[in-house]
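model.cif (mmCIF, C-alpha atoms and all ligand atoms)
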data_run
loop_
_atom_site.label_atom_id
_atom_site.label_comp_id
_atom_site.auth_asym_id
_atom_site.auth_seq_id
_atom_site.Cartn_x
_atom_site.Cartn_y
_atom_site.Cartn_z
CA MET A 816 0.00 0.00 0.00
CA VAL A 817 1.31 3.45 -0.96
CA LYS A 818 2.03 5.74 1.97
CA CYS A 819 1.39 9.44 1.39
CA CYS A 820 3.72 11.71 3.35
CA ASP A 821 2.93 13.71 6.48
CA LEU A 822 4.11 17.12 5.25
CA ILE A 823 1.18 19.52 5.02
CA PRO A 824 0.91 21.55 1.82
CA VAL A 825 -0.85 24.92 2.04
CA ALA A 826 -1.94 27.05 -0.92
CA CYS A 827 -3.94 30.25 -1.14
CA ASP A 828 -4.74 33.29 -3.25
CA HIS A 829 -4.18 36.92 -2.27
CA ALA A 830 -7.27 36.91 -0.03
CA GLY A 831 -5.85 33.98 1.90
CA PHE A 832 -2.25 35.13 2.02
CA GLU A 833 -2.27 36.64 5.54
CA LEU A 834 -4.06 33.63 6.99
CA LYS A 835 -1.64 31.26 5.25
CA GLU A 836 1.31 33.10 6.76
CA TYR A 837 -0.29 32.93 10.20
CA LEU A 838 -1.11 29.23 9.93
CA LYS A 839 2.31 28.40 8.57
CA LYS A 840 3.95 29.91 11.65
CA ALA A 841 1.41 28.58 14.15
CA LEU A 842 1.46 25.04 12.75
CA THR A 843 5.25 24.98 12.49
CA GLU A 844 5.40 25.99 16.16
CA LYS A 845 3.12 23.04 16.95
CA GLY A 846 5.58 20.70 15.23
CA PHE A 847 3.94 20.24 11.82
CA GLU A 848 6.02 20.49 8.66
CA ILE A 849 4.43 22.84 6.18
CA ILE A 850 5.01 23.02 2.43
CA ASP A 851 4.17 26.51 1.20
CA MET A 852 2.75 26.25 -2.32
CA GLY A 853 2.00 29.98 -2.62
CA THR A 854 0.86 32.56 -3.26
CA TYR A 855 3.68 34.53 -1.70
CA SER A 856 2.22 38.04 -1.36
CA SER A 857 -1.08 39.94 -1.19
CA GLU A 858 -0.85 40.83 -4.89
CA SER A 859 -3.93 39.73 -6.81
CA VAL A 860 -3.60 36.25 -8.36
CA ASP A 861 -5.86 33.52 -9.76
CA TYR A 862 -6.51 30.82 -7.15
CA PRO A 863 -6.56 27.88 -9.63
CA ASP A 864 -2.88 28.50 -10.40
CA PHE A 865 -2.01 27.64 -6.79
CA VAL A 866 -4.66 25.08 -5.94
CA HIS A 867 -4.19 22.76 -8.94
CA PRO A 868 -0.62 21.76 -7.96
CA LEU A 869 -1.65 21.11 -4.35
CA ALA A 870 -4.80 19.18 -5.26
CA LYS A 871 -2.92 17.10 -7.85
CA ALA A 872 -0.31 16.21 -5.22
CA VAL A 873 -2.99 15.11 -2.74
CA ASN A 874 -4.80 13.28 -5.53
CA ASP A 875 -1.57 11.41 -6.34
CA CYS A 876 -0.93 10.62 -2.65
CA ILE A 877 2.21 12.74 -2.44
CA TYR A 878 0.62 14.30 0.65
CA LYS A 879 -2.02 12.83 2.97
CA PHE A 880 -3.98 16.04 3.20
CA GLY A 881 -3.71 19.77 2.54
CA ILE A 882 -5.09 23.20 3.28
CA VAL A 883 -6.36 25.69 0.70
CA ILE A 884 -7.46 29.23 1.47
CA CYS A 885 -9.25 31.99 -0.42
CA GLY A 886 -11.71 34.71 0.56
CA THR A 887 -14.81 32.51 0.70
CA ALA A 888 -13.25 29.04 0.31
CA ASN A 889 -15.61 28.46 -2.62
CA GLY A 890 -13.15 28.99 -5.49
CA VAL A 891 -10.36 26.90 -3.99
CA SER A 892 -12.70 24.04 -3.09
CA MET A 893 -14.22 24.02 -6.58
CA VAL A 894 -10.75 23.57 -8.08
CA ALA A 895 -9.66 20.91 -5.59
CA ASN A 896 -12.81 18.85 -6.04
CA LYS A 897 -12.09 18.42 -9.76
CA TYR A 898 -9.67 15.65 -8.75
CA SER A 899 -11.29 12.28 -8.28
CA ASN A 900 -9.32 11.26 -5.18
CA VAL A 901 -9.80 14.64 -3.52
CA ARG A 902 -12.54 15.33 -1.01
CA CYS A 903 -12.24 19.01 -0.22
CA ALA A 904 -14.51 20.39 2.51
CA ILE A 905 -15.19 24.05 3.19
CA CYS A 906 -14.69 24.42 6.93
CA TRP A 907 -15.93 27.55 8.69
CA ASN A 908 -16.20 26.24 12.24
CA GLU A 909 -14.80 23.49 14.40
CA GLU A 910 -17.80 21.18 14.22
CA ILE A 911 -17.97 21.30 10.42
CA ALA A 912 -14.24 20.53 10.35
CA ARG A 913 -14.64 17.57 12.70
CA LEU A 914 -17.51 16.17 10.64
CA ALA A 915 -15.56 16.70 7.42
CA LYS A 916 -13.13 14.09 8.77
CA ASN A 917 -15.62 11.90 10.75
CA HIS A 918 -18.07 11.48 7.87
CA ASN A 919 -16.38 12.57 4.64
CA ASN A 920 -12.75 11.72 5.30
CA ALA A 921 -11.90 15.06 3.69
CA ASN A 922 -8.31 15.18 2.51
CA ILE A 923 -8.27 18.91 1.84
CA ILE A 924 -9.81 21.58 4.03
CA ALA A 925 -10.76 24.90 2.47
CA LEU A 926 -10.74 27.91 4.79
CA PRO A 927 -12.66 31.14 4.08
CA ALA A 928 -10.14 33.80 5.13
CA ARG A 929 -12.69 36.62 4.97
CA PHE A 930 -15.14 34.83 7.26
CA VAL A 931 -13.03 33.29 10.01
CA THR A 932 -10.49 34.87 12.34
CA LYS A 933 -6.95 33.55 12.40
CA GLU A 934 -7.55 32.02 15.82
CA GLU A 935 -10.73 30.32 14.57
CA ALA A 936 -8.84 28.98 11.57
CA LEU A 937 -6.26 27.38 13.83
CA LYS A 938 -8.99 25.77 15.95
CA ILE A 939 -10.69 24.57 12.77
CA PHE A 940 -7.43 22.93 11.68
CA ASP A 941 -6.98 21.28 15.10
CA SER A 942 -10.53 19.99 15.07
CA TYR A 943 -10.08 18.47 11.60
CA PHE A 944 -6.65 17.05 12.40
CA ASN A 945 -7.69 15.42 15.68
CA ALA A 946 -10.88 13.90 14.31
CA VAL A 947 -11.05 10.33 13.06
CA PHE A 948 -12.86 8.98 10.00
CA GLU A 949 -15.70 6.74 11.18
CA GLY A 950 -15.68 4.42 8.14
CA GLY A 951 -18.61 1.97 7.87
CA ARG A 952 -21.56 3.54 6.07
CA HIS A 953 -19.46 6.65 5.47
CA GLN A 954 -16.84 4.60 3.62
CA ARG A 955 -19.59 3.23 1.37
CA ARG A 956 -20.81 6.76 0.71
CA ILE A 957 -17.46 8.31 -0.11
CA GLU A 958 -16.75 5.44 -2.51
CA LYS A 959 -19.81 6.57 -4.45
CA ILE A 960 -18.56 10.16 -4.89
CA PRO A 961 -16.23 9.82 -7.92
CA ILE A 962 -17.80 9.79 -11.37
CA LYS A 963 -17.14 6.32 -12.76
C1 LIG B 1001 -10.81 37.13 -4.38
O1 LIG B 1001 -11.30 38.42 -4.35
C2 LIG B 1001 -11.93 36.14 -4.12
O2 LIG B 1001 -12.82 36.13 -5.18
C3 LIG B 1001 -11.36 34.77 -3.89
O3 LIG B 1001 -10.47 34.81 -2.80
C4 LIG B 1001 -12.34 33.66 -3.54
O4 LIG B 1001 -13.17 34.02 -2.50
C5 LIG B 1001 -13.02 33.03 -4.68
O5 LIG B 1001 -13.78 32.07 -4.54
#
Output the file's structure as structure tokens, nothing else.
Amino acid sequence: MVKCCDLIPVACDHAGFELKEYLKKALTEKGFEIIDMGTYSSESVDYPDFVHPLAKAVNDCIYKFGIVICGTANGVSMVANKYSNVRCAICWNEEIARLAKNHNNANIIALPARFVTKEEALKIFDSYFNAVFEGGRHQRRIEKIPIK
């Protein structure tokens, strides 16, 4: 069985840049290893340019899971969910994040930088990370997600 690696890739657009920088520092301090896949400033960019490489890497099991950030989380999640092995969940509070793992086994979380504080975003990450996929009926359901 292929083992995806534990490094955590993070990608964002300009709206997510500040939050990415904050999370990078906060998560590094907690002992996680972060791979910064851009963007690297608050200059306006197109989110697909940064999310495609991250989502492809998760899709190909280079990384176990990743974080994508834009203003609303909608754009980045739309891109990520084009990949058949990706289950990207928009997470705007801790409970949604927990359920995204418990029920959907999400392998990318999308954070809406304009609608959560930095502190909330960190708690959302923790909640997702510490949750466990419940399997069972949820496994059956996620197997039905990809278009065959
Ligand atoms: C950028 O202004 C904004 O449109 C983008 O961050 C995102 O929210 C798109 O879905």
Within 7 Å of ligand LIG 1001 (chain B), counting all atoms listed in the file, which protein or nucleic acid residues do you find, written as an MDAnalysis selection string?
chainID A and resid 828:831 885:891
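Candidate residues A:Cys819, A:Ala841, A:Ala915, A:Ile924 were compared for distance to A:Met893, and the nearest is A:Ile924, using only C-alpha atoms.
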Go through stretch 825-907 of chain A residue by residue and, counting only C-alpha atoms, keep those with an atom at most 8 Å from stretch 933-941 of chain A; for each kept residue give the shortest atom pair and its distance in Å to one decimal, ordered by chain and increasing number, as a Markdown table.
| residue | atom | partner | partner_atom | distance |
| --- | --- | --- | --- | --- |
| A:Leu834 | CA | A:Lys933 | CA | 6.1 |
| A:Tyr837 | CA | A:Lys933 | CA | 7.0 |
| A:Leu838 | CA | A:Leu937 | CA | 6.7 |
| A:Ala841 | CA | A:Leu937 | CA | 7.8 |
| A:Cys906 | CA | A:Ile939 | CA | 7.1 |
| A:Trp907 | CA | A:Ile939 | CA | 7.3 |
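One distance worth recording is that between atom CA of A:Ile882 and atom CA of A:Ala928, which is 11.9 Å.
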From the list A:Ala921, A:Val947, A:Leu822, A:Val860, the nearest residue to A:Asn900 using all atoms listed in the file is A:Ala921
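Atom to atom, atom CA of A:Phe847 and atom CA of A:Ile905 stand 21.3 Å apart.
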Distance query stretch 861-867 of chain A at most 9 Å, all atoms listed in the file, self and fewer than 4 positions along chain excluded, as a ChimeraX atom specification
/A:825-829,852-854,871-872,883-885,890-892,894-895,898
Please produce an output containing C-alpha atoms for each residue in the selection, written as a CSV table (one decimal), in the coordinates of the input.
chain,number,residue,atom,x,y,z
A,825,VAL,CA,-0.8,24.9,2.0
A,826,ALA,CA,-1.9,27.0,-0.9
A,827,CYS,CA,-3.9,30.2,-1.1
A,828,ASP,CA,-4.7,33.3,-3.2
A,829,HIS,CA,-4.2,36.9,-2.3
A,852,MET,CA,2.8,26.2,-2.3
A,853,GLY,CA,2.0,30.0,-2.6
A,854,THR,CA,0.9,32.6,-3.3
A,871,LYS,CA,-2.9,17.1,-7.8
A,872,ALA,CA,-0.3,16.2,-5.2
A,883,VAL,CA,-6.4,25.7,0.7
A,884,ILE,CA,-7.5,29.2,1.5
A,885,CYS,CA,-9.2,32.0,-0.4
A,890,GLY,CA,-13.2,29.0,-5.5
A,891,VAL,CA,-10.4,26.9,-4.0
A,892,SER,CA,-12.7,24.0,-3.1
A,894,VAL,CA,-10.8,23.6,-8.1
A,895,ALA,CA,-9.7,20.9,-5.6
A,898,TYR,CA,-9.7,15.6,-8.8
Closest of A:Ala925, A:Ile823, A:Ile962, A:Ala870 to A:Glu848, counting only C-alpha atoms, is A:Ile823
Near stretch 952-955 of chain A, within 9 Å and counting all atoms listed in the file, which residues show up once chain neighbours fewer than 6 positions away are dropped, as a PDB file with C-alpha atoms, keeping the file's coordinate frame?
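Written out: selection_17.pdb:
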ATOM      1  CA  ASN A 917     -15.620  11.900  10.750  1.00  0.00           C
ATOM      2  CA  HIS A 918     -18.070  11.480   7.870  1.00  0.00           C
ATOM      3  CA  ASN A 919     -16.380  12.570   4.640  1.00  0.00           C
ATOM      4  CA  ASN A 920     -12.750  11.720   5.300  1.00  0.00           C
TER       5      ASN A 920
END
Repair of stretch 891-902 of chain A at the level of all heavy atoms, as a CSV table (one decimal), in the coordinates of the input:
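Output saved as rebuild16.csv:
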chain,number,residue,atom,x,y,z
A,891,VAL,N,-11.4,27.9,-4.2
A,891,VAL,CA,-10.4,26.9,-4.0
A,891,VAL,C,-11.0,25.5,-3.9
A,891,VAL,O,-10.4,24.5,-4.4
A,891,VAL,CB,-9.5,27.2,-2.8
A,891,VAL,CG1,-8.6,28.4,-3.1
A,891,VAL,CG2,-10.3,27.4,-1.5
A,892,SER,N,-12.1,25.4,-3.2
A,892,SER,CA,-12.7,24.0,-3.1
A,892,SER,C,-13.2,23.5,-4.4
A,892,SER,O,-13.1,22.3,-4.7
A,892,SER,CB,-13.8,24.0,-2.0
A,892,SER,OG,-14.9,24.8,-2.4
A,893,MET,N,-13.7,24.4,-5.2
A,893,MET,CA,-14.2,24.0,-6.6
A,893,MET,C,-13.1,23.4,-7.4
A,893,MET,O,-13.2,22.4,-8.1
A,893,MET,CB,-14.8,25.2,-7.3
A,893,MET,CG,-16.2,25.6,-6.8
A,893,MET,SD,-16.8,27.1,-7.6
A,893,MET,CE,-18.2,27.5,-6.6
A,894,VAL,N,-11.9,24.1,-7.3
A,894,VAL,CA,-10.8,23.6,-8.1
A,894,VAL,C,-10.3,22.2,-7.5
A,894,VAL,O,-10.2,21.2,-8.3
A,894,VAL,CB,-9.6,24.5,-8.0
A,894,VAL,CG1,-8.3,24.0,-8.7
A,894,VAL,CG2,-9.9,25.9,-8.6
A,895,ALA,N,-10.2,22.1,-6.2
A,895,ALA,CA,-9.7,20.9,-5.6
A,895,ALA,C,-10.6,19.7,-5.9
A,895,ALA,O,-10.1,18.6,-6.1
A,895,ALA,CB,-9.5,21.1,-4.1
A,896,ASN,N,-11.9,20.0,-5.9
A,896,ASN,CA,-12.8,18.8,-6.0
A,896,ASN,C,-12.9,18.4,-7.5
A,896,ASN,O,-13.7,17.5,-7.8
A,896,ASN,CB,-14.2,19.2,-5.4
A,896,ASN,CG,-14.2,19.0,-3.9
A,896,ASN,OD1,-13.7,18.0,-3.4
A,896,ASN,ND2,-14.7,20.0,-3.2
A,897,LYS,N,-12.2,19.0,-8.4
A,897,LYS,CA,-12.1,18.4,-9.8
A,897,LYS,C,-11.3,17.1,-9.8
A,897,LYS,O,-11.4,16.4,-10.8
A,897,LYS,CB,-11.4,19.4,-10.7
A,897,LYS,CG,-12.2,20.7,-11.0
A,897,LYS,CD,-13.4,20.3,-11.8
A,897,LYS,CE,-14.3,21.6,-12.0
A,897,LYS,NZ,-15.6,21.2,-12.5
A,898,TYR,N,-10.5,16.8,-8.8
A,898,TYR,CA,-9.7,15.6,-8.8
A,898,TYR,C,-10.4,14.5,-8.1
A,898,TYR,O,-11.0,14.7,-7.0
A,898,TYR,CB,-8.4,16.0,-8.0
A,898,TYR,CG,-7.5,17.0,-8.8
A,898,TYR,CD1,-7.8,18.3,-8.7
A,898,TYR,CD2,-6.5,16.6,-9.6
A,898,TYR,CE1,-7.1,19.3,-9.4
A,898,TYR,CE2,-5.8,17.5,-10.4
A,898,TYR,CZ,-6.1,18.9,-10.3
A,898,TYR,OH,-5.4,19.8,-11.0
A,899,SER,N,-10.4,13.3,-8.7
A,899,SER,CA,-11.3,12.3,-8.3
A,899,SER,C,-10.9,11.7,-6.9
A,899,SER,O,-11.8,11.2,-6.2
A,899,SER,CB,-11.4,11.2,-9.3
A,899,SER,OG,-10.1,10.6,-9.6
A,900,ASN,N,-9.7,11.8,-6.5
A,900,ASN,CA,-9.3,11.3,-5.2
A,900,ASN,C,-9.4,12.3,-4.1
A,900,ASN,O,-9.0,12.1,-3.0
A,900,ASN,CB,-7.9,10.7,-5.2
A,900,ASN,CG,-7.8,9.4,-6.1
A,900,ASN,OD1,-8.8,8.7,-6.2
A,900,ASN,ND2,-6.7,9.3,-6.7
A,901,VAL,N,-9.8,13.5,-4.5
A,901,VAL,CA,-9.8,14.6,-3.5
A,901,VAL,C,-11.2,14.8,-3.0
A,901,VAL,O,-12.2,14.8,-3.7
A,901,VAL,CB,-9.3,16.0,-4.2
A,901,VAL,CG1,-9.7,17.2,-3.3
A,901,VAL,CG2,-7.8,15.9,-4.4
A,902,ARG,N,-11.3,14.9,-1.7
A,902,ARG,CA,-12.5,15.3,-1.0
A,902,ARG,C,-12.2,16.6,-0.2
A,902,ARG,O,-11.6,16.5,0.9
A,902,ARG,CB,-13.1,14.2,-0.1
A,902,ARG,CG,-13.6,13.0,-0.9
A,902,ARG,CD,-14.0,11.9,0.0
A,902,ARG,NE,-12.9,11.5,0.9
A,902,ARG,CZ,-11.8,10.7,0.4
A,902,ARG,NH1,-11.8,10.3,-0.8
A,902,ARG,NH2,-10.9,10.4,1.3
